[in-house]
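Next up, input-v4.cif (mmCIF, C-alpha atoms):
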data_structure
loop_
_atom_site.label_atom_id
_atom_site.label_comp_id
_atom_site.auth_asym_id
_atom_site.auth_seq_id
_atom_site.Cartn_x
_atom_site.Cartn_y
_atom_site.Cartn_z
CA MET A 1 14.84 -12.06 0.51
CA GLU A 2 12.46 -14.19 -1.46
CA LYS A 3 13.30 -15.27 -4.99
CA LEU A 4 12.23 -12.54 -7.33
CA GLU A 5 11.08 -14.78 -10.16
CA THR A 6 9.24 -18.06 -10.04
CA ARG A 7 9.02 -18.86 -13.76
CA GLY A 8 12.60 -18.42 -14.83
CA SER A 9 14.41 -15.24 -15.77
CA PRO A 10 12.20 -12.69 -17.49
CA ARG A 11 12.96 -11.75 -21.04
CA PRO A 12 14.51 -8.28 -21.44
CA ARG A 13 11.37 -6.88 -23.05
CA VAL A 14 9.31 -7.99 -20.02
CA ALA A 15 11.71 -6.26 -17.66
CA ALA A 16 11.55 -3.15 -19.84
CA ARG A 17 7.81 -3.00 -19.31
CA ARG A 18 8.46 -2.41 -15.62
CA PHE A 19 10.20 0.90 -16.22
CA PRO A 20 6.92 2.86 -16.62
CA LEU A 21 5.90 1.60 -13.18
CA LEU A 22 8.86 3.51 -11.76
CA ALA A 23 7.85 6.78 -13.43
CA GLY A 24 5.37 7.60 -10.68
CA ALA A 25 7.90 6.65 -8.00
CA LEU A 26 10.52 8.96 -9.51
CA LEU A 27 8.04 11.81 -9.82
CA GLY A 28 7.05 11.25 -6.20
CA LEU A 29 10.71 11.41 -5.22
CA VAL A 30 11.36 14.60 -7.20
CA ALA A 31 8.20 16.29 -5.90
CA GLY A 32 8.96 15.19 -2.35
CA LEU A 33 12.52 16.48 -2.47
CA TRP A 34 11.37 19.73 -4.06
CA GLY A 35 8.77 20.19 -1.35
CA ALA A 36 11.39 19.48 1.31
CA LEU A 37 13.44 22.45 0.09
CA GLY A 38 10.45 24.67 0.78
CA LEU A 39 10.00 23.14 4.23
CA LEU A 40 13.64 23.93 4.95
CA GLY A 41 12.81 27.60 4.46
CA LEU A 42 14.59 28.03 1.13
CA ASP A 43 13.12 30.46 -1.37
CA VAL A 44 12.52 28.03 -4.22
CA PRO A 45 9.68 28.17 -6.74
CA MET A 46 6.95 25.70 -5.77
CA PRO A 47 4.91 24.61 -8.81
CA ARG A 48 2.42 22.86 -6.53
CA THR A 49 1.70 23.46 -2.86
CA ALA A 50 1.17 19.68 -2.63
CA PHE A 51 4.94 19.24 -3.04
CA ALA A 52 5.51 20.61 0.47
CA ARG A 53 2.14 19.77 2.07
CA GLU A 54 2.29 16.09 1.11
CA HIS A 55 6.07 15.72 1.29
CA GLY A 56 5.91 12.80 3.75
CA ALA A 57 3.25 10.86 1.86
CA LEU A 58 4.99 11.38 -1.48
CA MET A 59 8.24 9.97 -0.12
CA ALA A 60 6.87 7.12 2.05
CA LEU A 61 3.97 5.88 -0.07
CA GLY A 62 4.53 7.38 -3.53
CA PHE A 63 8.25 6.68 -3.88
CA LEU A 64 9.11 3.91 -1.41
CA GLY A 65 5.66 2.31 -1.62
CA THR A 66 6.00 1.91 -5.37
CA LEU A 67 9.49 0.40 -5.07
CA ILE A 68 8.45 -2.08 -2.37
CA SER A 69 5.24 -3.15 -4.11
CA LEU A 70 7.10 -3.56 -7.43
CA GLU A 71 9.67 -5.83 -5.80
CA ARG A 72 6.88 -7.88 -4.19
CA ALA A 73 5.00 -8.11 -7.50
CA VAL A 74 8.11 -9.44 -9.23
CA ALA A 75 8.56 -11.97 -6.40
CA LEU A 76 4.95 -13.11 -6.81
CA GLY A 77 5.39 -13.62 -10.55
CA ARG A 78 1.72 -13.04 -11.41
CA PRO A 79 0.51 -10.27 -13.76
CA TRP A 80 -2.21 -9.10 -11.37
CA GLY A 81 0.42 -8.26 -8.75
CA TYR A 82 1.70 -5.34 -10.81
CA ALA A 83 -1.51 -3.43 -10.07
CA ALA A 84 -0.02 -2.51 -6.68
CA PRO A 85 3.00 -0.56 -7.99
CA ALA A 86 0.84 0.85 -10.82
CA LEU A 87 -1.69 2.21 -8.32
CA ALA A 88 1.06 3.56 -6.05
CA GLY A 89 2.91 5.25 -8.91
CA LEU A 90 -0.29 6.76 -10.30
CA GLY A 91 -1.20 7.88 -6.79
CA ALA A 92 2.14 9.63 -6.47
CA VAL A 93 1.60 11.47 -9.75
CA THR A 94 -1.96 12.44 -8.83
CA THR A 95 -0.95 13.64 -5.36
CA ALA A 96 1.94 15.68 -6.75
CA LEU A 97 -0.49 17.35 -9.16
CA GLY A 98 -2.49 18.54 -6.17
CA LEU A 99 -5.46 16.20 -6.74
CA GLY A 100 -5.76 15.26 -3.10
CA LEU A 101 -8.74 12.90 -2.95
CA PRO A 102 -7.93 10.84 -6.08
CA GLY A 103 -4.29 10.58 -4.96
CA LYS A 104 -5.29 9.35 -1.51
CA LEU A 105 -7.72 6.82 -3.00
CA LEU A 106 -5.06 5.42 -5.34
CA LEU A 107 -2.39 5.18 -2.63
CA THR A 108 -4.87 3.52 -0.27
CA ALA A 109 -5.86 1.01 -2.95
CA ALA A 110 -2.17 0.25 -3.57
CA GLY A 111 -1.72 -0.65 0.09
CA GLY A 112 -4.72 -2.97 -0.05
CA TRP A 113 -3.39 -4.63 -3.21
CA LEU A 114 -0.02 -5.18 -1.52
CA ILE A 115 -1.84 -7.04 1.26
CA ALA A 116 -3.36 -9.29 -1.40
CA ILE A 117 0.12 -10.01 -2.79
CA TYR A 118 1.39 -11.11 0.62
CA ILE A 119 -1.68 -13.30 1.15
CA ALA A 120 -0.98 -14.98 -2.19
CA VAL A 121 2.66 -15.55 -1.20
CA LEU A 122 1.50 -17.02 2.12
CA GLY A 123 -0.33 -19.63 0.05
CA ARG A 124 3.08 -20.89 -1.09
CA ARG A 125 4.91 -20.78 2.21
CA THR A 126 4.45 -19.49 5.72
CA GLY A 127 6.89 -17.90 8.11
CA ARG A 128 7.40 -15.21 10.68
CA ASP A 129 9.24 -13.05 8.18
CA LEU A 130 6.23 -12.98 5.84
CA ALA A 131 3.86 -12.30 8.73
CA ILE A 132 5.91 -9.24 9.71
CA GLN A 133 6.02 -7.98 6.13
CA LEU A 134 2.27 -8.48 5.81
CA SER A 135 1.77 -6.43 8.98
CA GLY A 136 3.80 -3.68 7.34
CA ALA A 137 1.44 -3.68 4.35
CA VAL A 138 -1.52 -3.53 6.74
CA ALA A 139 0.09 -0.49 8.40
CA TRP A 140 0.29 1.20 4.96
CA TYR A 141 -3.39 0.46 4.28
CA VAL A 142 -4.67 1.56 7.69
CA GLY A 143 -2.53 4.69 7.72
CA ALA A 144 -3.73 5.60 4.24
CA LEU A 145 -7.35 5.05 5.30
CA LEU A 146 -6.84 7.48 8.20
CA TRP A 147 -5.27 9.97 5.78
CA LEU A 148 -8.22 9.49 3.46
CA SER A 149 -10.61 10.16 6.35
CA GLY A 150 -9.10 13.60 6.86
CA ARG A 151 -6.20 13.07 9.24
CA PRO A 152 -3.12 15.09 8.28
CA VAL A 153 0.08 13.27 7.37
CA ALA A 154 1.70 14.46 10.62
CA GLU A 155 -0.82 12.37 12.60
CA ILE A 156 -0.26 9.12 10.69
CA VAL A 157 3.54 9.16 10.96
CA PRO A 158 3.63 6.05 13.25
CA TRP A 159 1.66 4.13 10.60
CA LEU A 160 4.03 5.22 7.82
CA ALA A 161 7.01 4.32 10.01
CA ALA A 162 5.46 0.93 10.82
CA PHE A 163 4.94 0.19 7.12
CA LEU A 164 8.58 0.76 6.23
CA VAL A 165 10.21 -0.51 9.43
CA LEU A 166 8.21 -3.76 9.52
CA THR A 167 8.75 -4.41 5.81
CA ILE A 168 12.50 -4.06 6.20
CA ALA A 169 12.57 -6.03 9.47
CA GLY A 170 10.69 -8.91 7.86
CA GLU A 171 13.14 -9.06 4.96
CA ARG A 172 16.12 -9.00 7.33
CA LEU A 173 14.54 -11.79 9.39
CA GLU A 174 14.20 -13.86 6.24
CA LEU A 175 17.91 -13.54 5.58
CA ALA A 176 18.70 -14.27 9.23
CA ARG A 177 16.50 -17.39 9.01
CA VAL A 178 18.45 -18.51 5.97
CA ALA A 179 21.60 -18.02 8.06
CA PHE A 180 20.25 -20.62 10.54
CA LEU A 181 18.96 -18.20 13.17
CA GLY A 182 17.24 -20.12 15.94
CA ARG A 183 13.50 -19.74 16.48
CA ARG A 184 14.01 -18.56 20.04
CA ALA A 185 16.32 -15.76 18.87
CA SER A 186 13.69 -14.61 16.37
CA ASP A 187 11.19 -14.25 19.21
CA GLY A 188 12.88 -10.96 20.13
CA LEU A 189 12.31 -9.48 16.69
CA LEU A 190 8.70 -10.65 16.73
CA VAL A 191 8.11 -8.88 20.05
CA ALA A 192 9.80 -5.68 18.82
CA ALA A 193 7.75 -5.73 15.62
CA ALA A 194 4.57 -6.23 17.62
CA LEU A 195 5.44 -3.16 19.72
CA VAL A 196 5.88 -1.06 16.57
CA GLY A 197 2.52 -2.17 15.20
CA ALA A 198 0.76 -1.75 18.55
CA GLY A 199 2.25 1.73 18.93
CA ALA A 200 0.85 2.77 15.56
CA ALA A 201 -2.59 1.48 16.55
CA VAL A 202 -2.52 3.21 19.94
CA SER A 203 -1.36 6.49 18.37
CA THR A 204 -4.72 6.84 16.60
CA GLY A 205 -6.53 7.45 19.88
CA TRP A 206 -3.74 8.31 22.32
CA PRO A 207 -0.96 10.00 20.31
CA ASP A 208 1.60 10.49 23.07
CA ALA A 209 1.37 6.91 24.36
CA GLY A 210 1.32 5.52 20.82
CA TRP A 211 4.42 7.38 19.71
CA ARG A 212 6.28 6.25 22.87
CA LEU A 213 5.29 2.63 22.26
CA THR A 214 6.34 2.87 18.61
CA GLY A 215 9.65 4.36 19.74
CA LEU A 216 10.18 1.51 22.20
CA GLY A 217 9.56 -1.02 19.45
CA MET A 218 11.93 0.76 17.04
CA ALA A 219 14.70 0.96 19.63
CA ALA A 220 14.26 -2.72 20.52
CA LEU A 221 14.22 -3.66 16.84
CA ALA A 222 17.43 -1.72 16.21
CA GLY A 223 19.09 -3.55 19.09
CA TRP A 224 17.95 -6.95 17.84
CA LEU A 225 19.12 -6.27 14.30
CA ALA A 226 22.48 -4.96 15.50
CA VAL A 227 23.06 -8.21 17.41
CA HIS A 228 21.57 -10.86 15.11
CA ASP A 229 21.78 -9.50 11.55
CA VAL A 230 24.28 -11.21 9.27
CA ALA A 231 25.68 -7.72 8.55
CA ARG A 232 27.76 -8.07 11.72
CA ARG A 233 29.78 -10.76 9.95
CA THR A 234 29.68 -9.53 6.36
CA VAL A 235 30.99 -6.08 7.33
CA ARG A 236 34.36 -7.78 7.86
CA GLY A 237 34.38 -8.92 4.26
CA THR A 238 35.10 -7.01 1.07
CA GLY A 239 33.30 -5.55 -1.91
CA LEU A 240 29.50 -5.52 -2.07
CA PRO A 241 28.88 -7.57 1.12
CA ARG A 242 30.92 -5.11 3.16
CA TYR A 243 29.28 -2.07 1.54
CA ALA A 244 25.77 -3.44 2.11
CA ALA A 245 26.63 -4.27 5.73
CA ALA A 246 27.91 -0.73 6.31
CA CYS A 247 24.61 0.63 4.97
CA LEU A 248 22.61 -1.67 7.23
CA LEU A 249 24.54 -1.10 10.45
CA ALA A 250 24.52 2.68 10.00
CA GLY A 251 20.78 2.50 9.37
CA TYR A 252 20.21 0.54 12.58
CA ALA A 253 22.00 3.25 14.54
CA TRP A 254 19.62 5.91 13.17
CA LEU A 255 16.63 3.68 13.90
CA ALA A 256 17.79 3.53 17.51
CA VAL A 257 18.15 7.34 17.60
CA ALA A 258 14.60 7.87 16.29
CA GLY A 259 13.15 5.25 18.62
CA THR A 260 14.88 6.76 21.63
CA ILE A 261 13.57 10.25 20.83
CA TRP A 262 9.98 9.02 20.45
CA LEU A 263 10.24 6.88 23.58
CA ALA A 264 11.52 9.82 25.64
CA ALA A 265 9.44 12.64 24.14
CA GLY A 266 6.26 10.94 23.00
CA ARG A 267 4.78 12.79 20.06
CA PRO A 268 7.21 15.69 19.68
CA ALA A 269 5.79 19.11 19.00
CA SER A 270 6.72 20.65 15.66
CA GLY A 271 10.34 21.64 16.04
CA GLY A 272 13.80 20.22 16.53
CA LEU A 273 13.03 16.89 18.20
CA ASN A 274 10.29 16.12 15.70
CA ASP A 275 12.47 16.91 12.71
CA ALA A 276 15.41 14.95 14.13
CA ALA A 277 13.36 11.81 14.80
CA LEU A 278 11.49 11.90 11.48
CA HIS A 279 14.61 12.15 9.39
CA ALA A 280 16.56 9.69 11.53
CA VAL A 281 14.05 6.95 10.70
CA PHE A 282 12.87 7.89 7.19
CA LEU A 283 16.22 9.10 5.84
CA GLY A 284 18.89 7.61 8.09
CA PHE A 285 17.32 4.18 8.42
CA VAL A 286 15.11 3.67 5.37
CA MET A 287 17.25 5.35 2.70
CA SER A 288 20.38 3.66 4.04
CA MET A 289 18.54 0.35 3.47
CA VAL A 290 17.71 1.46 -0.08
CA PHE A 291 21.38 2.26 -0.74
CA GLY A 292 22.46 -1.13 0.59
CA HIS A 293 19.87 -3.22 -1.27
CA ALA A 294 19.84 -1.36 -4.60
CA PRO A 295 22.80 -3.27 -6.16
CA VAL A 296 20.86 -6.51 -5.61
CA ILE A 297 17.23 -5.45 -6.09
CA LEU A 298 17.53 -3.31 -9.23
CA PRO A 299 19.23 -6.01 -11.35
CA ALA A 300 16.68 -8.57 -10.18
CA VAL A 301 13.63 -6.36 -10.72
CA LEU A 302 14.57 -4.35 -13.81
CA ARG A 303 17.49 -6.33 -15.23
CA VAL A 304 19.53 -3.13 -14.94
CA ARG A 305 23.14 -3.81 -14.08
CA LEU A 306 24.25 -1.99 -10.93
CA PRO A 307 27.67 -3.40 -10.06
CA TYR A 308 29.48 -2.59 -6.85
CA HIS A 309 32.27 -0.01 -6.98
CA PRO A 310 33.89 1.86 -4.06
CA VAL A 311 32.46 5.10 -5.50
CA LEU A 312 29.13 4.06 -3.94
CA TYR A 313 30.55 4.93 -0.52
CA ALA A 314 30.53 8.63 -1.45
CA PRO A 315 26.72 9.11 -1.27
CA LEU A 316 26.52 6.81 1.75
CA VAL A 317 29.03 8.88 3.72
CA LEU A 318 27.36 12.12 2.62
CA LEU A 319 23.92 10.79 3.63
CA HIS A 320 24.97 10.05 7.19
CA ALA A 321 27.17 13.13 7.53
CA SER A 322 24.27 15.30 6.40
CA LEU A 323 22.04 13.73 9.05
CA VAL A 324 24.61 14.42 11.76
CA VAL A 325 24.63 18.07 10.68
CA ARG A 326 20.83 18.23 10.50
CA VAL A 327 20.25 16.60 13.88
CA ALA A 328 22.90 18.83 15.44
CA GLY A 329 21.01 21.83 14.08
CA ASP A 330 17.70 20.42 15.33
CA LEU A 331 18.93 19.76 18.85
CA GLY A 332 21.01 22.92 19.02
CA GLY A 333 18.33 25.21 17.65
CA SER A 334 20.42 26.24 14.64
CA ALA A 335 18.24 26.80 11.57
CA ALA A 336 21.35 27.23 9.41
CA LEU A 337 22.72 23.79 10.35
CA ARG A 338 19.33 22.20 9.90
CA THR A 339 18.98 23.69 6.43
CA ALA A 340 22.54 22.77 5.45
CA GLY A 341 22.03 19.20 6.61
CA GLY A 342 18.71 18.97 4.76
CA VAL A 343 20.17 20.20 1.49
CA LEU A 344 23.18 17.87 1.79
CA GLY A 345 20.81 14.98 2.44
CA GLU A 346 18.99 15.68 -0.81
CA VAL A 347 22.31 15.93 -2.63
CA SER A 348 23.29 12.51 -1.26
CA LEU A 349 20.18 10.91 -2.82
CA LEU A 350 20.88 12.50 -6.20
CA LEU A 351 24.56 11.61 -5.87
CA PHE A 352 23.65 7.97 -5.36
CA GLY A 353 21.99 7.89 -8.76
CA GLY A 354 25.03 9.52 -10.36
CA CYS A 355 27.45 7.17 -8.62
CA ALA A 356 25.41 4.15 -9.68
CA VAL A 357 25.79 5.19 -13.32
CA ALA A 358 29.47 5.97 -12.75
CA ALA A 359 30.06 2.57 -11.14
CA SER A 360 28.63 0.80 -14.16
CA ARG A 361 30.81 2.81 -16.56
CA LEU A 362 33.97 2.53 -14.45
CA LEU A 363 33.75 -1.24 -14.21
CA ARG A 364 32.98 -1.53 -17.91
CA ARG A 365 36.25 0.25 -18.70
CA GLU A 366 38.39 -1.78 -16.31
CA PRO A 367 40.55 -4.41 -18.06
CA SER A 368 39.50 -7.98 -17.41
#

Give the structure from the file, written as structure tokens.
Amino acid sequence: MEKLETRGSPRPRVAARRFPLLAGALLGLVAGLWGALGLLGLDVPMPRTAFAREHGALMALGFLGTLISLERAVALGRPWGYAAPALAGLGAVTTALGLGLPGKLLLTAAGGWLIAIYIAVLGRRTGRDLAIQLSGAVAWYVGALLWLSGRPVAEIVPWLAAFLVLTIAGERLELARVAFLGRRASDGLLVAAALVGAGAAVSTGWPDAGWRLTGLGMAALAGWLAVHDVARRTVRGTGLPRYAAACLLAGYAWLAVAGTIWLAAGRPASGGLNDAALHAVFLGFVMSMVFGHAPVILPAVLRVRLPYHPVLYAPLVLLHASLVVRVAGDLGGSAALRTAGGVLGEVSLLLFGGCAVAASRLLRREPS
């Protein structure tokens, strides 16, 4: 992953100014999780219908989009770059409030601003990893434009998946490149990434074919990452490297599951297969990546200490166990298992925050 600062370490007060940028992301997360409870069929009060209706957009663009664009803005090291996370966070807040058109406009603008950040970074250096990450930002922007034009979130899922999958794949390729990965080996990831992007584009006019092509690319990408990612070696280590590797390898398995479902079923009808694939990629893959990268990214971006402690395995295990339960319910037609898995998945995300705080306190109390 690229160096997060180019002009030395930021002063604490500068890092503190980044906290408000996360407010929109956190609200998007809370609103998205709240809406998910309603989608699971639970009788919970719903302050805004947008919580459930825009659940996917709030999570993918409002929450994760803000985090990704904030990390990229810090890496760029230019004040104008922070407009991207500001727009994304404000878009999350606006969307959660039920202001559909302004929220869509803000989230679309954030995707366009993220493209500008990558173009600026390309002025400093070039590489396949940056090209793949840039294509992920383009997928955000195009998907948001389609959403803005009136397409429901359910129809732009391949674009949202491409945004997150390509962003993560590009960052993993950068680390693999640092680990002296040969150019010929990286050709495989480039082909898989191209399939994901092409599938999203095709899905706009031919949904079934597009979803299958996206699934093929995701499955191929999962296979490439499982073979070439440095996590294969670091999982044999100890401490943070082993924990991060466990997060990554488990995430790749869920990416393969989602890709296989889309490849076999095309665009699944609303129901078990659709729910299983969606949460395999957006929860099993993406959130597992967030768990694994948080101890490195948060200190670099916010200067908030998040040390490794074995307690961090608790939310990780719960996340993947909850997905096993949910997918079993989806494929077996059990609404009770699906609901139980969904609720446990939300608990795992909240538990991660609690365990992060606990890890910091536990290590502070340990004798040196």

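Across the chains present, the PyMOL selection byres ((chain A and resi 310) around 9) applied to this file returns Gly239, Leu240, Tyr243, Tyr308, His309, Val311, Leu312, Tyr313, Ala314 and Ala359 of chain A.
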
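Considering only C-alpha atoms, the residue among A:Gly341, A:Gly329, A:Pro45, A:Gly89 positioned nearest to Met59 (chain A) is A:Gly89.
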
Problem set entry | Val93 (chain A) environment, 12 Å, all atoms listed in the file, sequence neighbours closer than 5 positions dropped, as a VMD selection string | chain A and resid 21 to 32 48 50 to 51 54 57 to 59 61 to 63 66 86 to 88 98 to 100 102 to 104 106 to 107

Problem set entry | Selection dump of the PyMOL selection byres ((chain A and resi 40) around 12), as a PyMOL selection string | chain A and resi 33-39+41-44+52+55+271+275+326+329-330+335-346

Go ahead and save the residues from that selection, with C-alpha atoms, as a PDB file, keeping the file's coordinate frame.
ATOM      1  CA  LEU A  33      12.520  16.480  -2.470  1.00  0.00           C
ATOM      2  CA  TRP A  34      11.370  19.730  -4.060  1.00  0.00           C
ATOM      3  CA  GLY A  35       8.770  20.190  -1.350  1.00  0.00           C
ATOM      4  CA  ALA A  36      11.390  19.480   1.310  1.00  0.00           C
ATOM      5  CA  LEU A  37      13.440  22.450   0.090  1.00  0.00           C
ATOM      6  CA  GLY A  38      10.450  24.670   0.780  1.00  0.00           C
ATOM      7  CA  LEU A  39      10.000  23.140   4.230  1.00  0.00           C
ATOM      8  CA  GLY A  41      12.810  27.600   4.460  1.00  0.00           C
ATOM      9  CA  LEU A  42      14.590  28.030   1.130  1.00  0.00           C
ATOM     10  CA  ASP A  43      13.120  30.460  -1.370  1.00  0.00           C
ATOM     11  CA  VAL A  44      12.520  28.030  -4.220  1.00  0.00           C
ATOM     12  CA  ALA A  52       5.510  20.610   0.470  1.00  0.00           C
ATOM     13  CA  HIS A  55       6.070  15.720   1.290  1.00  0.00           C
ATOM     14  CA  GLY A 271      10.340  21.640  16.040  1.00  0.00           C
ATOM     15  CA  ASP A 275      12.470  16.910  12.710  1.00  0.00           C
ATOM     16  CA  ARG A 326      20.830  18.230  10.500  1.00  0.00           C
ATOM     17  CA  GLY A 329      21.010  21.830  14.080  1.00  0.00           C
ATOM     18  CA  ASP A 330      17.700  20.420  15.330  1.00  0.00           C
ATOM     19  CA  ALA A 335      18.240  26.800  11.570  1.00  0.00           C
ATOM     20  CA  ALA A 336      21.350  27.230   9.410  1.00  0.00           C
ATOM     21  CA  LEU A 337      22.720  23.790  10.350  1.00  0.00           C
ATOM     22  CA  ARG A 338      19.330  22.200   9.900  1.00  0.00           C
ATOM     23  CA  THR A 339      18.980  23.690   6.430  1.00  0.00           C
ATOM     24  CA  ALA A 340      22.540  22.770   5.450  1.00  0.00           C
ATOM     25  CA  GLY A 341      22.030  19.200   6.610  1.00  0.00           C
ATOM     26  CA  GLY A 342      18.710  18.970   4.760  1.00  0.00           C
ATOM     27  CA  VAL A 343      20.170  20.200   1.490  1.00  0.00           C
ATOM     28  CA  LEU A 344      23.180  17.870   1.790  1.00  0.00           C
ATOM     29  CA  GLY A 345      20.810  14.980   2.440  1.00  0.00           C
ATOM     30  CA  GLU A 346      18.990  15.680  -0.810  1.00  0.00           C
TER      31      GLU A 346
END

Please report, as a Markdown table, each residue of region 285-364 of chain A lying at most 10 Å from region 158-170 of chain A, together with the nearest pair of atoms and the separation in Å rounded to one decimal; use only C-alpha atoms, and order rows by chain and ascending residue number.
| residue | atom | partner | partner_atom | distance |
| --- | --- | --- | --- | --- |
| A:Phe285 | CA | A:Val165 | CA | 8.6 |
| A:Val286 | CA | A:Leu164 | CA | 7.2 |
| A:Met289 | CA | A:Ile168 | CA | 8.0 |
| A:Val290 | CA | A:Ile168 | CA | 9.9 |

For the residues in that selection, give me C-alpha atoms as a tab-separated table (two decimals), in the coordinates of the input.
chain	number	residue	atom	x	y	z
A	285	PHE	CA	17.32	4.18	8.42
A	286	VAL	CA	15.11	3.67	5.37
A	289	MET	CA	18.54	0.35	3.47
A	290	VAL	CA	17.71	1.46	-0.08

Could you list, as a PDB file with C-alpha atoms, in the coordinates of the input, every residue within 9 Å of region 223-232 of chain A, counting all atoms listed in the file and ignoring same-chain residues fewer than 3 positions away?
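Written out: out38.pdb:
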ATOM      1  CA  ALA A 169      12.570  -6.030   9.470  1.00  0.00           C
ATOM      2  CA  ARG A 172      16.120  -9.000   7.330  1.00  0.00           C
ATOM      3  CA  LEU A 173      14.540 -11.790   9.390  1.00  0.00           C
ATOM      4  CA  LEU A 175      17.910 -13.540   5.580  1.00  0.00           C
ATOM      5  CA  ALA A 176      18.700 -14.270   9.230  1.00  0.00           C
ATOM      6  CA  ALA A 179      21.600 -18.020   8.060  1.00  0.00           C
ATOM      7  CA  LEU A 181      18.960 -18.200  13.170  1.00  0.00           C
ATOM      8  CA  ALA A 185      16.320 -15.760  18.870  1.00  0.00           C
ATOM      9  CA  SER A 186      13.690 -14.610  16.370  1.00  0.00           C
ATOM     10  CA  GLY A 188      12.880 -10.960  20.130  1.00  0.00           C
ATOM     11  CA  LEU A 189      12.310  -9.480  16.690  1.00  0.00           C
ATOM     12  CA  ALA A 192       9.800  -5.680  18.820  1.00  0.00           C
ATOM     13  CA  MET A 218      11.930   0.760  17.040  1.00  0.00           C
ATOM     14  CA  ALA A 219      14.700   0.960  19.630  1.00  0.00           C
ATOM     15  CA  ALA A 220      14.260  -2.720  20.520  1.00  0.00           C
ATOM     16  CA  VAL A 235      30.990  -6.080   7.330  1.00  0.00           C
ATOM     17  CA  ARG A 236      34.360  -7.780   7.860  1.00  0.00           C
ATOM     18  CA  PRO A 241      28.880  -7.570   1.120  1.00  0.00           C
ATOM     19  CA  ARG A 242      30.920  -5.110   3.160  1.00  0.00           C
ATOM     20  CA  ALA A 244      25.770  -3.440   2.110  1.00  0.00           C
ATOM     21  CA  ALA A 245      26.630  -4.270   5.730  1.00  0.00           C
ATOM     22  CA  ALA A 246      27.910  -0.730   6.310  1.00  0.00           C
ATOM     23  CA  LEU A 248      22.610  -1.670   7.230  1.00  0.00           C
ATOM     24  CA  LEU A 249      24.540  -1.100  10.450  1.00  0.00           C
ATOM     25  CA  TYR A 252      20.210   0.540  12.580  1.00  0.00           C
ATOM     26  CA  ALA A 253      22.000   3.250  14.540  1.00  0.00           C
ATOM     27  CA  ALA A 256      17.790   3.530  17.510  1.00  0.00           C
TER      28      ALA A 256
END

Exercise. Can you list, as a PyMOL selection string, the residues that the PyMOL selection byres ((chain A and resi 266) around 12) selects here?
Worked result: chain A and resi 158+199+203+206-216+258-265+267-269+273-274+277

Could you work out an axis-aligned box for region 232-251 of chain A, taking every atom the file lists and adding 4 Å on each side, and report centre and edge lengths in Å to one decimal, as lines of an AutoDock Vina configuration file?
center_x = 27.9
center_y = -4.0
center_z = 4.8
size_x = 22.3
size_y = 21.4
size_z = 21.8

For this session: Give the answer as one residue: which of A:Ile132, A:Ala328, A:Ala250, A:Val301 has the shortest atom-to-atom distance to Arg18 (chain A), using all atoms listed in the file?
Result: A:Val301

Problem set entry | Atom pair CA of Ala194 (chain A) / CA of Gly127 (chain A): separation (Å) |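 One can read the CA of Ala194 (chain A) to CA of Gly127 (chain A) distance as 15.2 Å.
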
Problem set entry | Selected residue of minimal separation from Ala358 (chain A) among A:Ala154, A:Ala84, A:Leu319, A:Leu306, counting only C-alpha atoms | A:Leu306

Exercise. Which one of A:Phe352, A:Gly143, A:Gln133, A:Ile117 sits closest to Gly292 (chain A) if you count all atoms listed in the file?
Worked result: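 Among the listed residues, the smallest separation from Gly292 (chain A) belongs to A:Phe352.
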
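Across the model, the gap from CA of Gly205 (chain A) to CA of Ser149 (chain A) is 14.4 Å.
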
Exercise. Looking at A:Leu90, A:Val196, A:Leu318, A:Val327, which one is nearest to Trp254 (chain A), with distances taken over all atoms listed in the file?
Worked result: A:Val327

Exercise. So how many Å separate CA of Ala120 (chain A) and CA of Leu76 (chain A), to one decimal?
Worked result: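 Distance reported for this atom pair: 7.7 Å.
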
For this session: Write out as a ChimeraX atom specification which residues come within 9 Å of Val138 (chain A) when counting all atoms listed in the file, dropping same-chain ones fewer than 6 positions away.
Result: /A:111-112,114-115,163

Problem set entry | Neighbour list for Val153 (chain A) as a list in words, cut-off 8 Å, only C-alpha atoms, skip fewer than 2 positions in-chain | Glu54, Gly56, Ala57, Trp147, Arg151, Glu155, Ile156 and Val157 of chain A

For this session: Using only C-alpha atoms, determine which residues lie at most 12 Å from Arg125 (chain A), disregarding the query and same-chain residues fewer than 6 positions distant; provide the list as a PyMOL selection string.
Result: chain A and resi 2+76+118-119+131
